[in-house]
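*Asks:* Input structure: work.cif, which contains mmCIF, C-alpha atoms.
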```cif
data_target
#
loop_
_atom_site.label_atom_id
_atom_site.label_comp_id
_atom_site.auth_asym_id
_atom_site.auth_seq_id
_atom_site.Cartn_x
_atom_site.Cartn_y
_atom_site.Cartn_z
CA MET A 10 -19.89 10.75 -164.47
CA ARG A 11 -16.70 12.69 -165.09
CA ILE A 12 -16.17 15.10 -162.16
CA ARG A 13 -13.60 17.87 -162.02
CA ILE A 14 -12.87 19.40 -158.62
CA GLU A 15 -11.04 22.66 -159.13
CA ASN A 16 -9.50 25.59 -157.21
CA GLY A 17 -9.30 23.61 -153.95
CA ARG A 18 -6.39 23.12 -151.57
CA VAL A 19 -5.43 19.58 -152.54
CA LEU A 20 -4.11 17.61 -149.56
CA ASP A 21 -2.57 14.22 -150.35
CA PRO A 22 -0.55 12.84 -147.43
CA ALA A 23 0.68 9.89 -149.50
CA THR A 24 2.68 12.25 -151.74
CA GLY A 25 2.99 15.27 -149.46
CA ARG A 26 1.01 17.35 -151.94
CA ASP A 27 -0.43 20.53 -150.41
CA GLU A 28 -1.28 23.07 -153.10
CA ILE A 29 -4.12 24.79 -154.89
CA GLY A 30 -5.11 22.62 -157.82
CA SER A 31 -7.62 20.27 -159.40
CA VAL A 32 -8.56 16.60 -159.33
CA LEU A 33 -10.35 14.73 -162.11
CA LEU A 34 -12.54 11.69 -161.35
CA GLU A 35 -13.84 9.19 -163.90
CA ASN A 36 -14.88 5.53 -163.91
CA GLY A 37 -14.36 5.24 -160.16
CA ARG A 38 -10.70 6.32 -160.33
CA ILE A 39 -8.55 9.40 -159.90
CA GLN A 40 -7.83 10.15 -163.57
CA ALA A 41 -5.66 13.23 -163.11
CA ALA A 42 -4.31 15.48 -160.39
CA PHE A 43 -2.96 18.74 -161.76
CA SER A 44 -2.31 22.34 -160.86
CA ASP A 45 -4.43 23.87 -163.60
CA GLY A 46 -8.00 22.99 -164.52
CA GLY A 47 -9.54 22.96 -167.96
CA GLN A 48 -10.23 19.30 -168.70
CA GLU A 49 -13.74 18.44 -169.86
CA ALA A 50 -16.17 17.19 -167.21
CA ASP A 51 -19.86 16.40 -166.74
CA ARG A 52 -19.82 18.20 -163.42
CA VAL A 53 -17.44 20.82 -162.08
CA ILE A 54 -17.13 21.45 -158.35
CA ASP A 55 -15.58 24.78 -157.42
CA ALA A 56 -13.67 24.04 -154.21
CA SER A 57 -12.29 27.55 -153.71
CA GLY A 58 -11.30 28.04 -150.07
CA CYS A 59 -11.84 24.34 -149.35
CA TRP A 60 -9.68 21.33 -148.58
CA VAL A 61 -9.80 18.48 -151.09
CA MET A 62 -8.71 15.34 -149.26
CA PRO A 63 -8.67 11.59 -149.85
CA GLY A 64 -11.91 10.10 -148.56
CA LEU A 65 -11.89 9.85 -144.77
CA ILE A 66 -11.76 6.37 -143.20
CA ASP A 67 -13.23 5.58 -139.78
CA LEU A 68 -11.62 2.52 -138.23
CA HIS A 69 -14.16 2.32 -135.41
CA VAL A 70 -17.96 2.51 -135.63
CA HIS A 71 -20.91 0.63 -134.18
CA PHE A 72 -23.79 0.37 -136.65
CA ARG A 73 -25.90 -1.99 -134.45
CA ASP A 74 -27.06 -3.97 -137.48
CA PRO A 75 -28.06 -6.79 -137.26
CA GLY A 76 -29.93 -7.05 -134.00
CA TYR A 77 -30.28 -3.50 -132.71
CA THR A 78 -31.69 -1.66 -135.68
CA TYR A 79 -33.82 0.59 -133.46
CA LYS A 80 -30.48 2.27 -132.62
CA GLU A 81 -28.95 2.32 -136.12
CA THR A 82 -29.04 0.44 -139.42
CA LEU A 83 -26.44 -0.07 -142.09
CA ALA A 84 -28.28 2.50 -144.20
CA THR A 85 -28.63 5.20 -141.54
CA GLY A 86 -25.12 4.64 -140.22
CA ALA A 87 -23.73 4.89 -143.72
CA ARG A 88 -25.64 8.10 -144.41
CA ALA A 89 -24.31 9.56 -141.16
CA ALA A 90 -20.78 8.56 -142.15
CA ALA A 91 -21.20 10.18 -145.57
CA ARG A 92 -22.55 13.37 -144.00
CA GLY A 93 -19.45 13.36 -141.79
CA GLY A 94 -17.08 13.03 -144.74
CA PHE A 95 -16.27 9.33 -144.33
CA THR A 96 -16.06 7.22 -147.46
CA ALA A 97 -15.22 3.98 -145.64
CA VAL A 98 -16.04 2.70 -142.16
CA CYS A 99 -15.24 -0.35 -140.04
CA PRO A 100 -18.30 -1.61 -138.11
CA MET A 101 -17.38 -3.53 -134.98
CA ALA A 102 -18.56 -7.08 -134.46
CA ASN A 103 -20.73 -6.57 -131.36
CA THR A 104 -24.05 -6.99 -133.13
CA ASN A 105 -26.70 -9.67 -132.61
CA PRO A 106 -25.72 -12.15 -133.84
CA VAL A 107 -22.06 -11.33 -133.40
CA ILE A 108 -20.00 -11.13 -136.61
CA ASP A 109 -17.92 -14.16 -135.67
CA THR A 110 -18.09 -16.54 -138.66
CA PRO A 111 -17.11 -16.34 -142.34
CA GLU A 112 -20.79 -16.64 -143.28
CA ARG A 113 -21.75 -13.60 -141.19
CA VAL A 114 -18.88 -11.54 -142.55
CA ALA A 115 -19.95 -12.42 -146.09
CA ALA A 116 -23.60 -11.65 -145.34
CA LEU A 117 -22.69 -8.24 -143.94
CA ALA A 118 -20.58 -7.43 -147.00
CA GLU A 119 -23.38 -8.55 -149.33
CA ARG A 120 -25.94 -6.39 -147.55
CA ALA A 121 -23.58 -3.43 -147.56
CA GLU A 122 -23.38 -3.56 -151.36
CA LYS A 123 -27.13 -2.92 -151.48
CA GLU A 124 -27.77 -0.75 -148.44
CA SER A 125 -24.71 1.41 -147.80
CA VAL A 126 -23.61 4.56 -149.63
CA VAL A 127 -20.08 4.24 -148.19
CA ARG A 128 -17.61 1.37 -148.16
CA ILE A 129 -18.26 -1.10 -145.33
CA LEU A 130 -15.09 -2.82 -144.10
CA PRO A 131 -16.20 -5.61 -141.72
CA ILE A 132 -14.45 -6.37 -138.44
CA GLY A 133 -14.61 -9.98 -137.22
CA ALA A 134 -14.75 -11.04 -133.59
CA VAL A 135 -11.74 -12.55 -131.83
CA THR A 136 -13.81 -15.02 -129.80
CA LYS A 137 -17.09 -16.74 -130.55
CA GLY A 138 -20.02 -14.68 -129.37
CA LEU A 139 -17.59 -12.21 -127.77
CA GLU A 140 -17.67 -14.58 -124.82
CA GLY A 141 -13.88 -14.75 -124.37
CA GLU A 142 -13.82 -18.53 -124.28
CA GLU A 143 -13.13 -19.89 -127.78
CA LEU A 144 -11.32 -18.35 -130.73
CA THR A 145 -13.11 -17.71 -134.02
CA ASP A 146 -12.15 -18.92 -137.50
CA MET A 147 -9.97 -15.93 -138.34
CA ALA A 148 -8.63 -17.37 -141.59
CA GLY A 149 -12.16 -18.01 -142.82
CA MET A 150 -13.33 -14.52 -141.88
CA LYS A 151 -10.35 -12.96 -143.65
CA ALA A 152 -11.21 -14.91 -146.79
CA ALA A 153 -14.82 -13.72 -146.49
CA GLY A 154 -13.79 -10.06 -146.38
CA ALA A 155 -12.95 -9.13 -142.78
CA VAL A 156 -10.27 -6.43 -142.69
CA ALA A 157 -9.35 -6.84 -139.01
CA PHE A 158 -10.43 -8.51 -135.77
CA SER A 159 -11.68 -6.98 -132.54
CA GLU A 160 -13.52 -7.76 -129.34
CA ASP A 161 -14.46 -4.09 -129.03
CA GLY A 162 -17.00 -3.45 -126.31
CA LYS A 163 -15.36 -6.21 -124.30
CA THR A 164 -11.89 -7.36 -123.33
CA VAL A 165 -10.62 -10.93 -123.62
CA MET A 166 -9.66 -11.26 -119.98
CA ASN A 167 -7.97 -14.65 -120.45
CA ALA A 168 -4.45 -13.56 -121.40
CA ALA A 169 -3.43 -17.02 -122.63
CA LEU A 170 -6.43 -17.18 -124.97
CA TYR A 171 -5.80 -13.67 -126.25
CA ARG A 172 -2.18 -14.52 -126.94
CA ARG A 173 -3.30 -17.45 -129.08
CA GLY A 174 -5.65 -15.11 -130.91
CA LEU A 175 -2.81 -12.67 -131.54
CA GLU A 176 -0.67 -15.54 -132.82
CA GLN A 177 -3.36 -16.53 -135.30
CA ALA A 178 -3.82 -12.94 -136.45
CA ALA A 179 -0.05 -12.55 -136.83
CA ALA A 180 0.10 -15.65 -139.03
CA LEU A 181 -2.56 -14.03 -141.25
CA ASP A 182 -0.84 -10.61 -141.08
CA MET A 183 -4.10 -9.12 -139.82
CA VAL A 184 -4.62 -6.28 -137.36
CA VAL A 185 -6.25 -6.87 -133.97
CA MET A 186 -8.10 -3.80 -132.68
CA ASP A 187 -7.82 -3.76 -128.93
CA HIS A 188 -10.45 -2.67 -126.39
CA CYS A 189 -8.32 -2.05 -123.28
CA GLU A 190 -10.51 -2.29 -120.20
CA ASP A 191 -9.89 -4.53 -117.21
CA ARG A 192 -13.36 -5.56 -116.06
CA ASN A 193 -12.07 -6.33 -112.57
CA LEU A 194 -10.94 -2.74 -112.10
CA LEU A 195 -14.13 -1.08 -113.28
CA GLN A 196 -16.12 0.89 -110.77
CA GLU A 197 -19.88 0.93 -110.76
CA SER A 198 -21.13 3.31 -113.43
CA VAL A 199 -22.49 6.06 -111.19
CA MET A 200 -22.25 9.81 -111.15
CA GLN A 201 -22.73 10.45 -107.47
CA THR A 202 -24.29 13.76 -106.44
CA GLY A 203 -22.98 15.53 -109.51
CA THR A 204 -20.09 17.65 -108.26
CA ARG A 205 -17.24 17.94 -110.73
CA GLU A 206 -14.97 15.83 -108.57
CA GLU A 207 -17.61 13.15 -108.13
CA ALA A 208 -18.31 13.21 -111.85
CA ARG A 209 -15.08 11.27 -112.23
CA ARG A 210 -16.79 8.25 -110.71
CA VAL A 211 -18.11 6.82 -113.94
CA SER A 212 -17.48 3.45 -115.51
CA GLY A 213 -13.78 2.83 -115.99
CA VAL A 214 -12.76 6.14 -114.44
CA SER A 215 -9.76 4.47 -112.86
CA HIS A 216 -6.92 5.07 -115.27
CA SER A 217 -5.54 1.67 -114.36
CA SER A 218 -8.59 -0.07 -115.83
CA GLU A 219 -7.32 1.00 -119.27
CA ASP A 220 -3.61 1.09 -118.58
CA VAL A 221 -3.27 -2.43 -117.18
CA ILE A 222 -4.74 -4.07 -120.30
CA THR A 223 -2.80 -1.70 -122.56
CA ALA A 224 0.44 -2.84 -120.92
CA ARG A 225 -0.57 -6.51 -121.01
CA ASP A 226 -1.50 -6.49 -124.67
CA ILE A 227 1.57 -4.55 -125.77
CA LEU A 228 3.66 -7.25 -124.10
CA LEU A 229 1.63 -9.96 -125.84
CA ALA A 230 2.02 -8.20 -129.19
CA ARG A 231 5.76 -7.95 -128.70
CA GLU A 232 5.94 -11.63 -127.84
CA THR A 233 3.77 -12.80 -130.76
CA GLY A 234 4.77 -10.29 -133.44
CA ALA A 235 1.12 -9.40 -133.91
CA ARG A 236 -0.14 -6.12 -135.36
CA LEU A 237 -1.99 -4.46 -132.47
CA HIS A 238 -4.17 -1.36 -132.77
CA LEU A 239 -5.18 0.38 -129.55
CA CYS A 240 -8.77 1.62 -129.74
CA HIS A 241 -10.09 4.85 -128.18
CA CYS A 242 -7.01 5.70 -126.08
CA SER A 243 -7.95 8.07 -123.28
CA THR A 244 -5.07 8.20 -120.78
CA ALA A 245 -1.65 9.81 -120.74
CA ALA A 246 -0.15 6.46 -119.78
CA SER A 247 -1.57 4.81 -122.90
CA ALA A 248 0.22 7.38 -125.04
CA TRP A 249 3.44 6.91 -123.09
CA MET A 250 3.29 3.13 -123.43
CA ALA A 251 2.49 3.37 -127.13
CA ALA A 252 5.53 5.60 -127.67
CA ARG A 253 7.86 3.20 -125.83
CA ALA A 254 6.44 0.18 -127.65
CA LYS A 255 7.00 1.78 -131.05
CA GLU A 256 10.57 2.65 -130.11
CA GLU A 257 11.14 -1.03 -129.28
CA GLY A 258 9.75 -2.20 -132.60
CA VAL A 259 6.36 -3.50 -131.49
CA ARG A 260 3.94 -3.50 -134.45
CA LEU A 261 1.61 -1.04 -132.78
CA THR A 262 -0.80 1.67 -133.91
CA ALA A 263 -3.29 3.68 -131.87
CA GLU A 264 -6.30 5.94 -132.19
CA VAL A 265 -7.88 8.84 -130.33
CA CYS A 266 -11.53 9.87 -130.55
CA PRO A 267 -12.64 13.52 -130.77
CA HIS A 268 -14.41 13.44 -127.41
CA HIS A 269 -11.19 12.36 -125.70
CA PHE A 270 -9.09 15.16 -127.22
CA THR A 271 -11.83 17.74 -126.60
CA LEU A 272 -13.59 17.14 -123.27
CA THR A 273 -12.63 16.37 -119.66
CA TYR A 274 -14.68 15.05 -116.76
CA GLU A 275 -15.09 18.66 -115.62
CA ASP A 276 -17.31 19.27 -118.65
CA ILE A 277 -19.93 16.73 -117.51
CA PRO A 278 -23.22 18.41 -116.51
CA GLU A 279 -24.96 16.76 -113.59
CA GLY A 280 -26.70 13.58 -114.66
CA ASP A 281 -26.22 14.13 -118.43
CA THR A 282 -25.84 10.64 -119.88
CA ASN A 283 -24.76 12.05 -123.24
CA PHE A 284 -21.37 12.43 -121.56
CA LYS A 285 -21.31 8.80 -120.43
CA MET A 286 -18.94 6.65 -122.47
CA ALA A 287 -16.29 3.95 -122.17
CA PRO A 288 -13.53 4.80 -121.69
CA PRO A 289 -14.81 7.85 -119.84
CA LEU A 290 -13.74 11.44 -120.10
CA ARG A 291 -10.46 11.94 -118.27
CA GLU A 292 -8.47 14.85 -116.89
CA LYS A 293 -6.99 17.94 -118.54
CA GLN A 294 -3.51 16.42 -118.43
CA ASP A 295 -4.72 13.38 -120.38
CA VAL A 296 -6.27 15.59 -123.07
CA GLU A 297 -3.06 17.59 -123.42
CA VAL A 298 -0.91 14.45 -123.70
CA LEU A 299 -3.25 12.88 -126.27
CA ARG A 300 -3.14 16.03 -128.39
CA GLN A 301 0.64 16.01 -128.29
CA ALA A 302 0.64 12.31 -129.18
CA LEU A 303 -1.50 13.09 -132.23
CA LYS A 304 0.89 15.86 -133.18
CA ASN A 305 4.02 13.72 -132.97
CA GLY A 306 2.44 10.64 -134.57
CA VAL A 307 2.43 8.36 -131.52
CA MET A 308 -1.33 8.35 -131.95
CA ASP A 309 -1.75 7.39 -135.60
CA VAL A 310 -5.45 7.86 -136.23
CA ILE A 311 -8.54 9.86 -135.34
CA SER A 312 -11.55 7.51 -135.13
CA THR A 313 -15.07 8.21 -133.90
CA ASP A 314 -16.25 5.17 -131.88
CA HIS A 315 -19.69 6.14 -133.25
CA ALA A 316 -22.08 4.45 -130.80
CA PRO A 317 -25.77 5.32 -131.25
CA HIS A 318 -28.39 4.53 -128.62
CA SER A 319 -32.08 5.27 -128.48
CA GLN A 320 -33.29 8.37 -126.65
CA GLU A 321 -35.22 6.12 -124.27
CA GLU A 322 -32.05 4.26 -123.28
CA LYS A 323 -30.07 7.43 -122.72
CA ALA A 324 -32.97 8.88 -120.70
CA ARG A 325 -32.41 6.29 -117.99
CA PRO A 326 -30.73 7.29 -114.71
CA PHE A 327 -26.98 7.68 -115.09
CA PRO A 328 -26.08 4.30 -113.52
CA GLU A 329 -28.40 2.43 -115.90
CA ALA A 330 -27.83 4.34 -119.15
CA PRO A 331 -25.59 2.68 -121.77
CA ASN A 332 -22.12 3.96 -122.60
CA GLY A 333 -21.48 5.65 -125.92
CA ILE A 334 -22.06 8.70 -128.09
CA VAL A 335 -22.54 9.28 -131.81
CA GLY A 336 -19.54 10.75 -133.58
CA SER A 337 -19.65 10.34 -137.35
CA GLU A 338 -21.20 13.74 -138.04
CA THR A 339 -19.15 15.80 -135.59
CA ALA A 340 -15.62 14.38 -135.98
CA VAL A 341 -14.38 16.65 -138.77
CA ALA A 342 -15.64 19.85 -137.16
CA LEU A 343 -14.16 18.94 -133.78
CA ALA A 344 -10.83 18.02 -135.36
CA VAL A 345 -10.70 21.29 -137.30
CA THR A 346 -11.79 23.39 -134.31
CA GLU A 347 -9.74 21.71 -131.60
CA LEU A 348 -6.66 20.55 -133.49
CA VAL A 349 -6.10 22.58 -136.66
CA GLU A 350 -7.36 25.91 -135.32
CA ASN A 351 -5.17 25.45 -132.23
CA GLY A 352 -2.05 24.52 -134.19
CA VAL A 353 -1.90 20.92 -133.04
CA LEU A 354 -2.15 19.54 -136.60
CA THR A 355 -1.71 21.06 -140.02
CA PRO A 356 -4.45 20.41 -142.58
CA LEU A 357 -2.17 17.89 -144.32
CA GLU A 358 -1.53 16.10 -141.02
CA LEU A 359 -5.27 16.00 -140.34
CA ALA A 360 -5.82 14.31 -143.71
CA GLU A 361 -3.06 11.86 -142.83
CA ARG A 362 -4.62 10.93 -139.46
CA MET A 363 -8.14 10.58 -140.86
CA SER A 364 -7.49 9.03 -144.26
CA HIS A 365 -4.03 7.91 -145.34
CA ARG A 366 -2.91 6.32 -142.09
CA PRO A 367 -6.13 4.34 -141.54
CA ALA A 368 -5.78 2.97 -145.07
CA GLN A 369 -2.17 2.01 -144.39
CA ILE A 370 -3.12 0.18 -141.19
CA LEU A 371 -5.67 -1.91 -143.09
CA GLY A 372 -3.39 -2.37 -146.08
CA LEU A 373 -6.03 -1.03 -148.48
CA PRO A 374 -5.56 1.14 -151.60
CA PHE A 375 -7.44 4.15 -150.26
CA GLY A 376 -6.32 7.34 -148.53
CA THR A 377 -4.59 8.96 -151.51
CA LEU A 378 -5.37 11.18 -154.49
CA GLN A 379 -2.70 9.65 -156.70
CA VAL A 380 -3.67 8.91 -160.29
CA GLY A 381 -5.23 5.45 -160.61
CA SER A 382 -6.42 5.32 -157.00
CA PRO A 383 -10.08 4.78 -156.05
CA ALA A 384 -12.08 7.99 -156.53
CA ASP A 385 -12.91 8.53 -152.86
CA VAL A 386 -12.77 12.23 -151.99
CA THR A 387 -13.86 14.46 -149.12
CA ILE A 388 -14.24 18.23 -149.56
CA VAL A 389 -14.29 20.39 -146.42
CA ASP A 390 -14.78 24.11 -145.93
CA PRO A 391 -12.50 24.80 -142.94
CA ALA A 392 -13.81 28.34 -142.43
CA ALA A 393 -17.51 27.48 -142.27
CA GLU A 394 -18.78 28.22 -138.79
CA TYR A 395 -21.97 26.70 -137.43
CA VAL A 396 -23.66 25.21 -134.36
CA ILE A 397 -23.92 21.44 -134.05
CA ASP A 398 -27.58 20.44 -134.17
CA LYS A 399 -28.35 16.84 -133.25
CA ASP A 400 -31.79 17.13 -134.83
CA ARG A 401 -30.16 17.41 -138.25
CA PHE A 402 -28.17 14.18 -137.88
CA ALA A 403 -28.62 11.45 -140.46
CA SER A 404 -27.89 8.90 -137.74
CA LYS A 405 -30.78 7.52 -135.70
CA GLY A 406 -28.73 8.42 -132.63
CA ARG A 407 -29.03 11.82 -130.96
CA ASN A 408 -26.75 10.97 -128.05
CA THR A 409 -24.06 13.61 -128.38
CA PRO A 410 -22.42 15.88 -125.78
CA PHE A 411 -21.74 18.43 -128.53
CA HIS A 412 -25.30 19.61 -129.29
CA GLY A 413 -25.27 23.40 -129.38
CA ARG A 414 -21.48 23.67 -129.61
CA ARG A 415 -20.14 26.26 -132.07
CA VAL A 416 -17.52 24.80 -134.39
CA ARG A 417 -15.66 25.42 -137.64
CA GLY A 418 -15.13 23.00 -140.50
CA LYS A 419 -18.02 21.72 -142.59
CA VAL A 420 -18.12 18.75 -144.94
CA LEU A 421 -19.44 19.95 -148.30
CA TYR A 422 -19.06 16.82 -150.44
CA THR A 423 -18.39 13.14 -149.90
CA ILE A 424 -17.55 11.15 -153.03
CA VAL A 425 -17.29 7.35 -153.05
CA ASN A 426 -16.03 5.47 -156.10
CA GLY A 427 -16.57 8.57 -158.21
CA LYS A 428 -20.17 9.05 -157.09
CA ILE A 429 -21.35 11.96 -154.96
CA VAL A 430 -23.05 10.38 -151.94
CA TYR A 431 -23.38 13.55 -149.89
CA ALA A 432 -23.59 17.20 -150.91
CA ALA A 433 -24.33 19.82 -148.26
CA GLU A 434 -25.94 22.08 -150.85
CA GLU A 435 -28.58 19.42 -151.53
CA GLU A 436 -29.43 18.86 -147.88
CA VAL A 437 -32.97 19.76 -146.89
#
```
Could I get this file's structure written as structure tokens?
*Replies:*
Amino acid sequence: MRIRIENGRVLDPATGRDEIGSVLLENGRIQAAFSDGGQEADRVIDASGCWVMPGLIDLHVHFRDPGYTYKETLATGARAAARGGFTAVCPMANTNPVIDTPERVAALAERAEKESVVRILPIGAVTKGLEGEELTDMAGMKAAGAVAFSEDGKTVMNAALYRRGLEQAAALDMVVMDHCEDRNLLQESVMQTGTREEARRVSGVSHSSEDVITARDILLARETGARLHLCHCSTAASAWMAARAKEEGVRLTAEVCPHHFTLTYEDIPEGDTNFKMAPPLREKQDVEVLRQALKNGVMDVISTDHAPHSQEEKARPFPEAPNGIVGSETAVALAVTELVENGVLTPLELAERMSHRPAQILGLPFGTLQVGSPADVTIVDPAAEYVIDKDRFASKGRNTPFHGRRVRGKVLYTIVNGKIVYAAEEEV
């Protein structure tokens, strides 16, 4: 199908383009990007008042498949991603079995071709079984299609072993996505009697539990020359250390999730496990610093850490409920409402943080609307105002702290490889 998107505000961070214009898609490629419409097309999308951006890329999701398909499947996770405007996603390796061999990477990629409406970019584990004892075959997993490596959900506590893993990844010029959480500094995951001050006492609430591993792994990256990506940064110190490391030439990138630039521990209602996550919600100062770090580019990327759980699991008492919230279908609206509306990011900068920069980190030819590039496009109406309704999610997960929150910024179309995989107007 030949698709012409016209009258939209075209945002292409790769070229700095920010103007009203049109984009023509055909045969899975951007065929033309021009200021005036008029070229023949099988379908014309009038994007008046909307942003036309390169397809969004989420570097950090948990699709739970294989092994935990009662929480999410490749198909439902992909549909949720598409509904959220994401054309490509990176599922973490903490499935059952763990994605820790070339064969499992290849099997995931093969299944994704049949079951996913968005691009699946597999992440391979750093250690076998995520046990932190023996390194995986990174070279084999890269050859099978892994785009990066991560132990996300866990930390490799053996620094010597992790250094060897970083050395291997550096030799392959592959990114290692880092879950920074010192298990020895974690407090028991308990919200005490529910006062706002006591609400801070959730898993990993100690800033040092994140900051100690962040410092350790930055030092290891500097020593090994590895490409290190800090996942779900939540503390002011993480931003400060990332800034210093970049100044010193460490090959470092970092991400922030919408919940960490939107909420603080003071927002946690008593006993509400939909606010329980790792790392946890921090303080107002941390939120302000993270927003500034997104503004000045110290934080490179906005990712979701989409982590679905069943309603039964999240209904457990706070100490026993699992960490994590869903995020694919709320990320754009929260970014528009909290960052663009408040002047933290311009629309072009938002497209850069959610599309172009993630593609750059992975070294993939996405994240741009330049002629000849893959026809992955996201169209957003930034003025559309609505209330987040978890019961409309495409994800199996309903575990969100944002149910009932009024936001602005609605995804209208998600286009992958020139094919419309989500259209809000067709949603029932």
*Asks:* From the list A:Ile129, A:Cys189, A:Ile388, A:Leu175, which residue is nearest A:Glu232 when using all atoms listed in the file?
*Replies:*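 Going through A:Ile129, A:Cys189, A:Ile388, A:Leu175 one by one, the smallest distance to A:Glu232 is for A:Leu175.
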*Asks:* Let me make sure I understand: among A:Ala342, A:Ala152, A:Val396, A:Met363, which one has the smallest atom-to-atom distance to A:Arg417 if we use all atoms listed in the file?
*Replies:*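 Once distances to A:Arg417 are computed over all atoms listed in the file, the minimum belongs to A:Ala342.
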*Asks:* For A:Leu139, which of A:Ser404, A:Ser215, A:Asn103, A:Ser382 is the closest residue, counting all atoms listed in the file?
*Replies:*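 Of A:Ser404, A:Ser215, A:Asn103, A:Ser382, the one nearest A:Leu139 is A:Asn103, counting all atoms listed in the file.
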*Asks:* With all atoms listed in the file as the atoms that count, which of A:Gly174, A:Gly86, A:Gly149, A:Pro331 lies nearest to A:Phe284?
*Replies:*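 For A:Phe284, the nearest of the candidates is A:Pro331.
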*Asks:* Any chance you could resolve the PyMOL selection byres ((chain A and resi 32-36) around 7) against this file and give the residues as number ranges by chain?
*Replies:* A: 10-15, 31, 37-43, 384, 427
*Asks:* Select, from A:Ala153, A:Ala246, A:Val310, A:Leu239, the residue with the minimum atom-to-atom distance to A:Leu261, counting all atoms listed in the file.
*Replies:* A:Leu239
*Asks:* Carefully work through the PyMOL selection byres ((chain A and resi 118) around 10) for this structure and note down the residues it includes, as a PDB file with C-alpha atoms, in the frame of the given file.
*Replies:*
```
ATOM      1  CA  GLU A 112     -20.790 -16.640-143.280  1.00  0.00           C
ATOM      2  CA  ARG A 113     -21.750 -13.600-141.190  1.00  0.00           C
ATOM      3  CA  VAL A 114     -18.880 -11.540-142.550  1.00  0.00           C
ATOM      4  CA  ALA A 115     -19.950 -12.420-146.090  1.00  0.00           C
ATOM      5  CA  ALA A 116     -23.600 -11.650-145.340  1.00  0.00           C
ATOM      6  CA  LEU A 117     -22.690  -8.240-143.940  1.00  0.00           C
ATOM      7  CA  GLU A 119     -23.380  -8.550-149.330  1.00  0.00           C
ATOM      8  CA  ARG A 120     -25.940  -6.390-147.550  1.00  0.00           C
ATOM      9  CA  ALA A 121     -23.580  -3.430-147.560  1.00  0.00           C
ATOM     10  CA  GLU A 122     -23.380  -3.560-151.360  1.00  0.00           C
ATOM     11  CA  LYS A 123     -27.130  -2.920-151.480  1.00  0.00           C
ATOM     12  CA  GLU A 124     -27.770  -0.750-148.440  1.00  0.00           C
ATOM     13  CA  SER A 125     -24.710   1.410-147.800  1.00  0.00           C
ATOM     14  CA  ARG A 128     -17.610   1.370-148.160  1.00  0.00           C
ATOM     15  CA  ILE A 129     -18.260  -1.100-145.330  1.00  0.00           C
ATOM     16  CA  LEU A 130     -15.090  -2.820-144.100  1.00  0.00           C
ATOM     17  CA  PRO A 131     -16.200  -5.610-141.720  1.00  0.00           C
ATOM     18  CA  ALA A 153     -14.820 -13.720-146.490  1.00  0.00           C
ATOM     19  CA  GLY A 154     -13.790 -10.060-146.380  1.00  0.00           C
ATOM     20  CA  ALA A 155     -12.950  -9.130-142.780  1.00  0.00           C
TER      21      ALA A 155
END
```
*Asks:* Could you write out as AutoDock Vina command-line options the box around stretch 104-107 of chain A (axis-aligned, all atoms listed in the file, 8 Å on each side), with centre and edge lengths in Å to one decimal?
*Replies:*
```
--center_x -24.4 --center_y -9.6 --center_z -133.2 --size_x 20.6 --size_y 21.2 --size_z 17.2
```
*Asks:* Name the closest residue to A:Glu28 among the candidates A:Pro356, A:Gly333, A:Pro383, A:Gly406; distances are taken between atoms, counting only C-alpha atoms.
*Replies:*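 So, comparing all the options, the nearest one is A:Pro356.
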*Asks:* Run the PyMOL selection byres ((chain A and resi 181) around 12) mentally over the shown coordinates, then write out the matched residues as a list in words, using the chain letters and numbers from the document.
*Replies:* Asp146, Met147, Ala148, Gly149, Met150, Lys151, Ala152, Ala155, Val156, Ala157, Phe158, Gly174, Leu175, Glu176, Gln177, Ala178, Ala179, Ala180, Asp182, Met183, Val184, Val185, Gly234, Ala235 and Arg236 of chain A
*Asks:* Can you tell me, as a PDB file with C-alpha atoms, in the coordinates of the input, what residues are no more than 10 Å from A:Trp60 when counting only C-alpha atoms, ignoring any on the same chain fewer than 5 positions away?
*Replies:*
```pdb
ATOM      1  CA  ASN A  16      -9.500  25.590-157.210  1.00  0.00           C
ATOM      2  CA  GLY A  17      -9.300  23.610-153.950  1.00  0.00           C
ATOM      3  CA  ARG A  18      -6.390  23.120-151.570  1.00  0.00           C
ATOM      4  CA  VAL A  19      -5.430  19.580-152.540  1.00  0.00           C
ATOM      5  CA  LEU A  20      -4.110  17.610-149.560  1.00  0.00           C
ATOM      6  CA  ASP A  27      -0.430  20.530-150.410  1.00  0.00           C
ATOM      7  CA  GLU A  28      -1.280  23.070-153.100  1.00  0.00           C
ATOM      8  CA  ILE A  29      -4.120  24.790-154.890  1.00  0.00           C
ATOM      9  CA  PRO A 356      -4.450  20.410-142.580  1.00  0.00           C
ATOM     10  CA  LEU A 357      -2.170  17.890-144.320  1.00  0.00           C
ATOM     11  CA  ALA A 360      -5.820  14.310-143.710  1.00  0.00           C
ATOM     12  CA  THR A 387     -13.860  14.460-149.120  1.00  0.00           C
ATOM     13  CA  ILE A 388     -14.240  18.230-149.560  1.00  0.00           C
ATOM     14  CA  VAL A 389     -14.290  20.390-146.420  1.00  0.00           C
ATOM     15  CA  ASP A 390     -14.780  24.110-145.930  1.00  0.00           C
ATOM     16  CA  PRO A 391     -12.500  24.800-142.940  1.00  0.00           C
ATOM     17  CA  GLY A 418     -15.130  23.000-140.500  1.00  0.00           C
ATOM     18  CA  VAL A 420     -18.120  18.750-144.940  1.00  0.00           C
ATOM     19  CA  LEU A 421     -19.440  19.950-148.300  1.00  0.00           C
TER      20      LEU A 421
END
```
